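A.B. asks: My questions all concern the structure below.
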Amino acid sequence: MGLSNNVTEYVLLGLTQDPDVQKALFVVFLLTYTVTMVGNLLIVVTIIASPSLGSPMYFFLACLSCIDAVYSTTISPILIVDLLCDKKTISFQACMGQLFVEHLFGGTEVFLLVEMACDRYVAICKLLHYLTIMNQQVCILLLVVAMTGGFVHSVFQIVVVYSLPFCGPNVIDHFVCDMYPLLELACTDTYFIGLTVAFNGGAICMVIFTLLLISYGVILNSLKTYGQEGRRKALSTCSSHITVVVLFFVPCIFMYVRPVLNFPIDKFITVFYTVITPMLNPFIYTLRNLEMRIAMKKLSSCL
């Protein structure tokens with residue numbers, strides 16, 4: 001544990017103290033989590049079972065859906081159960097576990113979205129060499145790189161928390177164990193530590209988000225050379241990717257590109273990128289993707 005840690009558990013205040021609102025939110029989040037799991041697992045099963053979806057783009061999409069399913073499972077079940085409990089407590093170790101897994105898969109998703117942008121760049125700008133450049137070994141290597149990046153980012157968060165002394169207040173005004181609410185409870189000045197955390201999370205998000213927007217700008221600019229049908233198909237894929245990138249990065253940038261301050265709106269922004277975005281991703285990718293819709297229809301007709 002921390003340097004002088006006599007805190008064995010934390011009390012989570014959750015989203016609201018109103019019992020009626022809690023019951024309504026319980027139903028909403030239970031439905032949201034069910035849709036998230038069914039949607040993401042359906043994408044994974046469809047891609048694995050469909051030979052027509054063998055391109056690198058679908059390999060990365062299946063990985064993204066797996067990550068979203070695990071990421072959502074780190075947050076949603078605890079949130080749903082806590083909405084029915086009067087006292088919402090979480091042990092120090094469980095809190096650290098949640099923090100680690102949340103940042104591991106959140107960090108992995110950041111790097112995976114970059115790799116998906118690279119995949120689209122090669123597919124559109126280097127079309128003739130696409131399958132040579134993005135071969136199976138390269139795809140697996142890129143997935144390992146994304147997971148390593150997420151792991152390093154997550155280990156940094158845990159090392160920071162374990163180095164802090166927690167000696168008094170143990171009430172977290174949040175529904176999840178995250179860095180800024182925890183830093184506020186430390187019995188020491190966390191200003192400079194907060195800056196390193198902001199740099200580790202926020203600055204990385206900001207830089208990557210900017211690079212992604214530039215790369216999609218380059219990709220869209222190169223579509224001028226395409227025919228109408230090729231341009232429509234490429235635009236459909238890229239617009240799905242850009243939507244997912246914006247939904248994921250904008251809330252993260254708001255949350256982490258700042259000193260250690262906690263605002264009331266933080267909880268609802270956290271709900272957006274931990275609960276809502278993983279649910280929306282399957283819809284964003286399937287509704288605009290004709291190949292996915294055809295593969296899903298074929299799969300459903302075989303069952």
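Ordered as shown in the structure tokens, chains take letters A, B, and onward, while each chain numbers its residues from 1 and ligands are numbered from 1 in the order shown.
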Among range 12-230 of chain A, which ones does DSSP place in strand (DSSP E or B), written as a list of chain:residue names?

C.D. replies: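 So the strand (DSSP E or B) residues in range 12-230 of chain A would be A:Leu12, A:Thr89, A:Ile90, A:Ser91, A:Val171, A:Ile172.
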
A.B. asks: Next, dump the selected residues to file, keeping only N, CA, C and O atoms, as a short mmCIF file (atom, residue, chain, number, x, y, z; two decimals), in the first residue's frame.

C.D. replies:
```cif
data_model
loop_
_atom_site.label_atom_id
_atom_site.label_comp_id
_atom_site.auth_asym_id
_atom_site.auth_seq_id
_atom_site.Cartn_x
_atom_site.Cartn_y
_atom_site.Cartn_z
N LEU A 12 -17.89 5.03 -2.06
CA LEU A 12 -18.21 5.73 -3.31
C LEU A 12 -19.58 6.41 -3.16
O LEU A 12 -20.56 5.76 -2.81
N THR A 89 -19.34 0.61 -0.92
CA THR A 89 -17.94 0.55 -0.50
C THR A 89 -17.15 -0.32 -1.48
O THR A 89 -17.69 -1.22 -2.11
N ILE A 90 -15.86 -0.01 -1.57
CA ILE A 90 -14.94 -0.81 -2.40
C ILE A 90 -13.61 -0.89 -1.65
O ILE A 90 -13.14 0.11 -1.10
N SER A 91 -13.04 -2.08 -1.56
CA SER A 91 -11.78 -2.25 -0.82
C SER A 91 -10.66 -1.53 -1.56
O SER A 91 -10.76 -1.27 -2.76
N VAL A 171 -13.84 8.91 1.49
CA VAL A 171 -15.08 9.07 0.71
C VAL A 171 -14.74 9.64 -0.66
O VAL A 171 -14.18 10.74 -0.77
N ILE A 172 -15.06 8.87 -1.71
CA ILE A 172 -14.81 9.31 -3.08
C ILE A 172 -16.12 9.81 -3.69
O ILE A 172 -17.08 9.04 -3.80
#
```

A.B. asks: I need the residues of range 18-226 of chain A that end up classed as alpha helix (DSSP H) by DSSP on the backbone, written out as a PyMOL selection string.

C.D. replies: chain A and resi 19-49+56-82+92-125+130-133+136-162+179-185+191-198+204-222

A.B. asks: Have a look at A:Cys205, A:Ile158, A:Met134, A:Leu235 and name the one nearest to Tyr58 in chain A; count only C-alpha atoms.

C.D. replies: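 The shortest atom-to-atom distance to Tyr58 in chain A comes from A:Met134.
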
A.B. asks: Compile a residue-level contact table for range 56-148 of chain A against range 16-32 of chain A at a cut-off of 9 Å, reporting for every qualifying residue the shortest atom pair and its distance in Å to one decimal, with only C-alpha atoms counted, rows ordered by chain and ascending number, as a Markdown table.

C.D. replies:
```
| residue | atom | partner | partner_atom | distance |
| --- | --- | --- | --- | --- |
| A:Ser76 | CA | A:Phe29 | CA | 7.3 |
| A:Pro77 | CA | A:Leu30 | CA | 8.2 |
| A:Leu79 | CA | A:Phe29 | CA | 8.2 |
| A:Ile80 | CA | A:Phe26 | CA | 5.6 |
| A:Val81 | CA | A:Phe26 | CA | 8.0 |
| A:Asp82 | CA | A:Phe26 | CA | 8.9 |
| A:Leu83 | CA | A:Gln22 | CA | 5.4 |
| A:Leu84 | CA | A:Lys23 | CA | 7.2 |
```

A.B. asks: With all heavy atoms retained, could you export that selection as a PDB file, in the first residue's frame?

C.D. replies:
```
ATOM      1  N   SER A  76     -19.342  -0.888 -15.546  1.00  0.00           N
ATOM      2  CA  SER A  76     -20.811  -0.964 -15.473  1.00  0.00           C
ATOM      3  C   SER A  76     -21.374  -1.883 -14.384  1.00  0.00           C
ATOM      4  O   SER A  76     -22.269  -1.462 -13.645  1.00  0.00           O
ATOM      5  CB  SER A  76     -21.385  -1.350 -16.838  1.00  0.00           C
ATOM      6  OG  SER A  76     -21.201  -0.292 -17.745  1.00  0.00           O
ATOM      7  N   PRO A  77     -20.911  -3.154 -14.253  1.00  0.00           N
ATOM      8  CA  PRO A  77     -21.527  -4.019 -13.231  1.00  0.00           C
ATOM      9  C   PRO A  77     -21.452  -3.431 -11.811  1.00  0.00           C
ATOM     10  O   PRO A  77     -22.436  -3.494 -11.066  1.00  0.00           O
ATOM     11  CB  PRO A  77     -20.716  -5.314 -13.334  1.00  0.00           C
ATOM     12  CG  PRO A  77     -20.213  -5.318 -14.733  1.00  0.00           C
ATOM     13  CD  PRO A  77     -19.925  -3.890 -15.050  1.00  0.00           C
ATOM     14  N   LEU A  79     -21.188  -0.237 -11.026  1.00  0.00           N
ATOM     15  CA  LEU A  79     -22.083   0.922 -11.030  1.00  0.00           C
ATOM     16  C   LEU A  79     -23.537   0.474 -10.874  1.00  0.00           C
ATOM     17  O   LEU A  79     -24.297   1.048 -10.081  1.00  0.00           O
ATOM     18  CB  LEU A  79     -21.898   1.696 -12.348  1.00  0.00           C
ATOM     19  CG  LEU A  79     -22.893   2.815 -12.674  1.00  0.00           C
ATOM     20  CD1 LEU A  79     -22.871   3.897 -11.599  1.00  0.00           C
ATOM     21  CD2 LEU A  79     -22.592   3.421 -14.034  1.00  0.00           C
ATOM     22  N   ILE A  80     -23.930  -0.571 -11.605  1.00  0.00           N
ATOM     23  CA  ILE A  80     -25.316  -1.072 -11.564  1.00  0.00           C
ATOM     24  C   ILE A  80     -25.665  -1.616 -10.179  1.00  0.00           C
ATOM     25  O   ILE A  80     -26.712  -1.285  -9.616  1.00  0.00           O
ATOM     26  CB  ILE A  80     -25.519  -2.158 -12.653  1.00  0.00           C
ATOM     27  CG1 ILE A  80     -25.445  -1.518 -14.050  1.00  0.00           C
ATOM     28  CG2 ILE A  80     -26.841  -2.882 -12.485  1.00  0.00           C
ATOM     29  CD1 ILE A  80     -25.216  -2.502 -15.186  1.00  0.00           C
ATOM     30  N   VAL A  81     -24.771  -2.436  -9.611  1.00  0.00           N
ATOM     31  CA  VAL A  81     -25.012  -3.015  -8.280  1.00  0.00           C
ATOM     32  C   VAL A  81     -25.070  -1.912  -7.220  1.00  0.00           C
ATOM     33  O   VAL A  81     -25.954  -1.919  -6.342  1.00  0.00           O
ATOM     34  CB  VAL A  81     -23.918  -4.053  -7.928  1.00  0.00           C
ATOM     35  CG1 VAL A  81     -24.011  -4.476  -6.467  1.00  0.00           C
ATOM     36  CG2 VAL A  81     -24.031  -5.268  -8.840  1.00  0.00           C
ATOM     37  N   ASP A  82     -24.161  -0.953  -7.307  1.00  0.00           N
ATOM     38  CA  ASP A  82     -24.109   0.135  -6.323  1.00  0.00           C
ATOM     39  C   ASP A  82     -25.378   0.983  -6.310  1.00  0.00           C
ATOM     40  O   ASP A  82     -25.737   1.567  -5.284  1.00  0.00           O
ATOM     41  CB  ASP A  82     -22.892   1.040  -6.566  1.00  0.00           C
ATOM     42  CG  ASP A  82     -21.610   0.446  -5.992  1.00  0.00           C
ATOM     43  OD1 ASP A  82     -21.703  -0.568  -5.277  1.00  0.00           O
ATOM     44  OD2 ASP A  82     -20.525   0.993  -6.254  1.00  0.00           O
ATOM     45  N   LEU A  83     -26.060   1.065  -7.450  1.00  0.00           N
ATOM     46  CA  LEU A  83     -27.307   1.848  -7.505  1.00  0.00           C
ATOM     47  C   LEU A  83     -28.403   1.239  -6.639  1.00  0.00           C
ATOM     48  O   LEU A  83     -29.368   1.914  -6.285  1.00  0.00           O
ATOM     49  CB  LEU A  83     -27.786   1.978  -8.958  1.00  0.00           C
ATOM     50  CG  LEU A  83     -26.991   2.970  -9.823  1.00  0.00           C
ATOM     51  CD1 LEU A  83     -27.304   2.775 -11.299  1.00  0.00           C
ATOM     52  CD2 LEU A  83     -27.256   4.411  -9.399  1.00  0.00           C
ATOM     53  N   LEU A  84     -28.260  -0.052  -6.297  1.00  0.00           N
ATOM     54  CA  LEU A  84     -29.248  -0.714  -5.436  1.00  0.00           C
ATOM     55  C   LEU A  84     -28.793  -0.782  -3.982  1.00  0.00           C
ATOM     56  O   LEU A  84     -29.554  -1.197  -3.116  1.00  0.00           O
ATOM     57  CB  LEU A  84     -29.525  -2.136  -5.946  1.00  0.00           C
ATOM     58  CG  LEU A  84     -30.208  -2.266  -7.313  1.00  0.00           C
ATOM     59  CD1 LEU A  84     -30.453  -3.730  -7.631  1.00  0.00           C
ATOM     60  CD2 LEU A  84     -31.517  -1.495  -7.354  1.00  0.00           C
TER      61      LEU A  84
END
```

A.B. asks: Range 74-191 of chain A near range 227-232 of chain A within 12 Å: what's each residue's closest atom pair and its distance in Å to one decimal, counting only C-alpha atoms, ordered by chain then ascending residue number, as a Markdown table?

C.D. replies:
```
| residue | atom | partner | partner_atom | distance |
| --- | --- | --- | --- | --- |
| A:Ala123 | CA | A:Gly230 | CA | 11.5 |
| A:Ile124 | CA | A:Gly230 | CA | 9.5 |
| A:Leu127 | CA | A:Gly230 | CA | 11.4 |
```

A.B. asks: Those same residues, written as a PDB file, in the first residue's frame with N, CA, C and O atoms?

C.D. replies:
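Ended up saving to selection-v4.pdb:
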```pdb
ATOM      1  N   ALA A 123      -4.765   1.645 -46.600  1.00  0.00           N
ATOM      2  CA  ALA A 123      -5.807   1.109 -47.481  1.00  0.00           C
ATOM      3  C   ALA A 123      -6.207   2.103 -48.571  1.00  0.00           C
ATOM      4  O   ALA A 123      -6.526   1.704 -49.695  1.00  0.00           O
ATOM      5  N   ILE A 124      -6.194   3.395 -48.241  1.00  0.00           N
ATOM      6  CA  ILE A 124      -6.665   4.412 -49.190  1.00  0.00           C
ATOM      7  C   ILE A 124      -5.513   5.030 -49.983  1.00  0.00           C
ATOM      8  O   ILE A 124      -5.625   5.248 -51.194  1.00  0.00           O
ATOM      9  N   LEU A 127      -3.102   1.698 -51.780  1.00  0.00           N
ATOM     10  CA  LEU A 127      -4.047   0.596 -52.015  1.00  0.00           C
ATOM     11  C   LEU A 127      -3.398  -0.650 -52.621  1.00  0.00           C
ATOM     12  O   LEU A 127      -3.663  -1.775 -52.179  1.00  0.00           O
TER      13      LEU A 127
END
```

A.B. asks: Using only C-alpha atoms, which protein or nucleic acid residues come within 12 Å of Ala203 in chain A? Drop anything in the same chain fewer than 2 positions from it, and give the result as a ChimeraX atom specification.

C.D. replies: /A:195-201,205-210,249,252-259

A.B. asks: Do a neighbour search on Cys63 in chain A at 10 Å with only C-alpha atoms, toss out local chain neighbours closer than 3 positions, and write the hits as an MDAnalysis selection string.

C.D. replies: chainID A and resid 40 43:44 58:60 66:69 109 112 143

A.B. asks: State, in Å with one decimal place, the distance from CA of Cys85 in chain A to CA of Thr270 in chain A.

C.D. replies: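 Between CA of Cys85 in chain A and CA of Thr270 in chain A the gap is 20.5 Å.
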
A.B. asks: Determine, counting only C-alpha atoms, which protein, DNA and RNA residues have an atom within 12 Å of an atom of Gly97 in chain A; residues of the same chain fewer than 6 positions away are not included. Present the result as a VMD selection string.

C.D. replies: chain A and resid 74 to 75 90 to 91 103 to 104 154 to 155 157 to 158 161 176 to 178

A.B. asks: Would you output that residue set with all heavy atoms, as a CSV table (one decimal), in the first residue's frame?

C.D. replies:
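Final output, saved to out-v6.csv:
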```
chain,number,residue,atom,x,y,z
A,74,THR,N,-15.5,-3.5,-16.6
A,74,THR,CA,-14.7,-2.9,-15.5
A,74,THR,C,-15.6,-1.9,-14.7
A,74,THR,O,-15.4,-1.8,-13.5
A,74,THR,CB,-13.4,-2.2,-16.0
A,74,THR,OG1,-12.8,-3.1,-16.9
A,74,THR,CG2,-12.5,-1.9,-14.9
A,75,ILE,N,-16.4,-1.2,-15.4
A,75,ILE,CA,-17.2,-0.1,-14.8
A,75,ILE,C,-18.6,-0.4,-14.5
A,75,ILE,O,-19.1,-0.3,-13.4
A,75,ILE,CB,-17.1,1.1,-15.8
A,75,ILE,CG1,-15.7,1.5,-16.2
A,75,ILE,CG2,-17.8,2.4,-15.1
A,75,ILE,CD1,-14.8,2.0,-15.2
A,90,ILE,N,-15.9,0.0,-1.6
A,90,ILE,CA,-14.9,-0.8,-2.4
A,90,ILE,C,-13.6,-0.9,-1.7
A,90,ILE,O,-13.1,0.1,-1.1
A,90,ILE,CB,-14.8,-0.2,-3.8
A,90,ILE,CG1,-13.9,-1.1,-4.7
A,90,ILE,CG2,-14.2,1.2,-3.7
A,90,ILE,CD1,-13.9,-0.7,-6.2
A,91,SER,N,-13.0,-2.1,-1.6
A,91,SER,CA,-11.8,-2.2,-0.8
A,91,SER,C,-10.7,-1.5,-1.6
A,91,SER,O,-10.8,-1.3,-2.8
A,91,SER,CB,-11.4,-3.7,-0.6
A,91,SER,OG,-11.1,-4.3,-1.9
A,103,HIS,N,-7.6,1.7,-16.9
A,103,HIS,CA,-6.5,2.4,-17.7
A,103,HIS,C,-5.8,1.5,-18.7
A,103,HIS,O,-5.3,2.0,-19.7
A,103,HIS,CB,-5.6,3.1,-16.7
A,103,HIS,CG,-6.1,4.4,-16.1
A,103,HIS,ND1,-6.0,5.6,-16.8
A,103,HIS,CD2,-6.8,4.6,-15.0
A,103,HIS,CE1,-6.7,6.6,-16.1
A,103,HIS,NE2,-7.1,6.0,-15.0
A,104,LEU,N,-5.7,0.2,-18.3
A,104,LEU,CA,-5.1,-0.7,-19.2
A,104,LEU,C,-5.8,-0.8,-20.6
A,104,LEU,O,-5.3,-0.6,-21.7
A,104,LEU,CB,-5.0,-2.1,-18.6
A,104,LEU,CG,-4.6,-3.3,-19.5
A,104,LEU,CD1,-3.2,-3.1,-20.1
A,104,LEU,CD2,-4.8,-4.6,-18.8
A,154,SER,N,-1.0,2.2,-17.6
A,154,SER,CA,-1.7,1.8,-16.5
A,154,SER,C,-0.8,1.6,-15.3
A,154,SER,O,-1.1,1.9,-14.1
A,154,SER,CB,-2.5,0.5,-16.8
A,154,SER,OG,-3.4,0.2,-15.8
A,155,VAL,N,0.4,1.0,-15.5
A,155,VAL,CA,1.3,0.8,-14.4
A,155,VAL,C,1.8,2.1,-13.8
A,155,VAL,O,1.9,2.2,-12.6
A,155,VAL,CB,2.6,0.0,-14.9
A,155,VAL,CG1,3.7,0.1,-14.0
A,155,VAL,CG2,2.2,-1.5,-15.2
A,157,GLN,N,0.0,4.8,-13.5
A,157,GLN,CA,-1.1,5.3,-12.6
A,157,GLN,C,-1.0,4.5,-11.3
A,157,GLN,O,-1.1,5.2,-10.2
A,157,GLN,CB,-2.5,5.0,-13.2
A,157,GLN,CG,-2.7,5.4,-14.7
A,157,GLN,CD,-2.8,6.9,-14.9
A,157,GLN,OE1,-3.5,7.6,-14.1
A,157,GLN,NE2,-2.1,7.4,-15.8
A,158,ILE,N,-0.9,3.2,-11.3
A,158,ILE,CA,-0.8,2.4,-10.1
A,158,ILE,C,0.4,2.8,-9.2
A,158,ILE,O,0.3,3.0,-8.0
A,158,ILE,CB,-0.8,0.9,-10.4
A,158,ILE,CG1,-2.2,0.5,-11.0
A,158,ILE,CG2,-0.5,0.1,-9.2
A,158,ILE,CD1,-3.3,0.6,-10.1
A,161,VAL,N,-0.3,6.1,-7.3
A,161,VAL,CA,-1.2,5.9,-6.2
A,161,VAL,C,-0.6,5.2,-5.1
A,161,VAL,O,-0.7,5.6,-3.9
A,161,VAL,CB,-2.5,5.2,-6.7
A,161,VAL,CG1,-3.4,4.9,-5.5
A,161,VAL,CG2,-3.3,6.0,-7.7
A,176,VAL,N,-16.6,5.6,-9.5
A,176,VAL,CA,-15.6,4.7,-10.0
A,176,VAL,C,-14.2,5.2,-9.4
A,176,VAL,O,-14.1,6.4,-9.0
A,176,VAL,CB,-15.5,4.8,-11.6
A,176,VAL,CG1,-15.1,6.2,-12.0
A,176,VAL,CG2,-14.5,3.8,-12.1
A,177,CYS,N,-13.3,4.3,-9.2
A,177,CYS,CA,-12.0,4.7,-8.7
A,177,CYS,C,-11.2,5.2,-9.8
A,177,CYS,O,-10.9,4.5,-10.8
A,177,CYS,CB,-11.2,3.4,-8.1
A,177,CYS,SG,-11.8,3.0,-6.5
A,178,ASP,N,-10.9,6.5,-9.8
A,178,ASP,CA,-10.1,7.1,-10.8
A,178,ASP,C,-9.0,8.0,-10.2
A,178,ASP,O,-9.1,8.3,-9.0
A,178,ASP,CB,-10.9,7.9,-11.8
A,178,ASP,CG,-10.3,8.0,-13.2
A,178,ASP,OD1,-9.1,7.5,-13.4
A,178,ASP,OD2,-10.9,8.6,-14.1
```

A.B. asks: Within 12 Å of Pro181 in chain A, counting only C-alpha atoms, which residues show up once you throw out same-chain ones fewer than 5 positions away? Write them as a PyMOL selection string, please.

C.D. replies: chain A and resi 10-13+95+99+161+169-176+186+190+194+255-256+259-264+266-267

A.B. asks: Those same residues, written as a compact mmCIF listing (two decimals), in the first residue's frame with C-alpha atoms?

C.D. replies:
```
# COMPACT_ATOMS: atom_id res chain seq x y z
CA TYR A 10 -13.34 3.59 0.09
CA VAL A 11 -16.93 4.80 0.16
CA LEU A 12 -18.21 5.73 -3.31
CA LEU A 13 -20.91 8.42 -3.28
CA CYS A 95 -10.15 0.01 -6.15
CA LEU A 99 -8.05 1.64 -11.71
CA VAL A 161 -1.24 5.90 -6.22
CA PRO A 169 -10.81 10.65 4.44
CA ASN A 170 -11.95 7.68 2.40
CA VAL A 171 -15.08 9.07 0.71
CA ILE A 172 -14.81 9.31 -3.08
CA ASP A 173 -17.36 11.65 -4.66
CA HIS A 174 -17.60 9.46 -7.76
CA PHE A 175 -18.96 6.10 -8.93
CA VAL A 176 -15.56 4.74 -10.01
CA ALA A 186 -4.01 11.80 -0.34
CA THR A 190 -0.45 16.40 -5.01
CA GLY A 194 -1.27 15.87 -10.66
CA MET A 255 -11.11 14.97 -17.90
CA TYR A 256 -7.31 14.79 -17.97
CA PRO A 259 -4.62 20.16 -12.86
CA VAL A 260 -6.16 18.05 -10.08
CA LEU A 261 -9.64 19.54 -9.88
CA ASN A 262 -12.94 17.71 -9.62
CA PHE A 263 -16.12 19.21 -11.04
CA PRO A 264 -19.74 18.00 -10.57
CA ASP A 266 -17.04 14.97 -14.23
CA LYS A 267 -19.29 12.05 -13.24
```

A.B. asks: So what do you get for CA of Cys302 in chain A versus CA of Ser52 in chain A, distance-wise?

C.D. replies: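 About the pair CA of Cys302 in chain A and CA of Ser52 in chain A: they are 15.2 Å apart.
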
A.B. asks: Return the single residue from A:Leu42, A:Met147, A:Leu53, A:Met279 that is closest to Ile294 in chain A, with distances computed using only C-alpha atoms.

C.D. replies: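 Once distances to Ile294 in chain A are computed over only C-alpha atoms, the minimum belongs to A:Leu53.
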
A.B. asks: Could you jot down the CA of Tyr33 in chain A to CA of Ile242 in chain A separation for me, Å, one decimal place?

C.D. replies: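 So the two atoms, CA of Tyr33 in chain A and CA of Ile242 in chain A, lie 23.4 Å apart.
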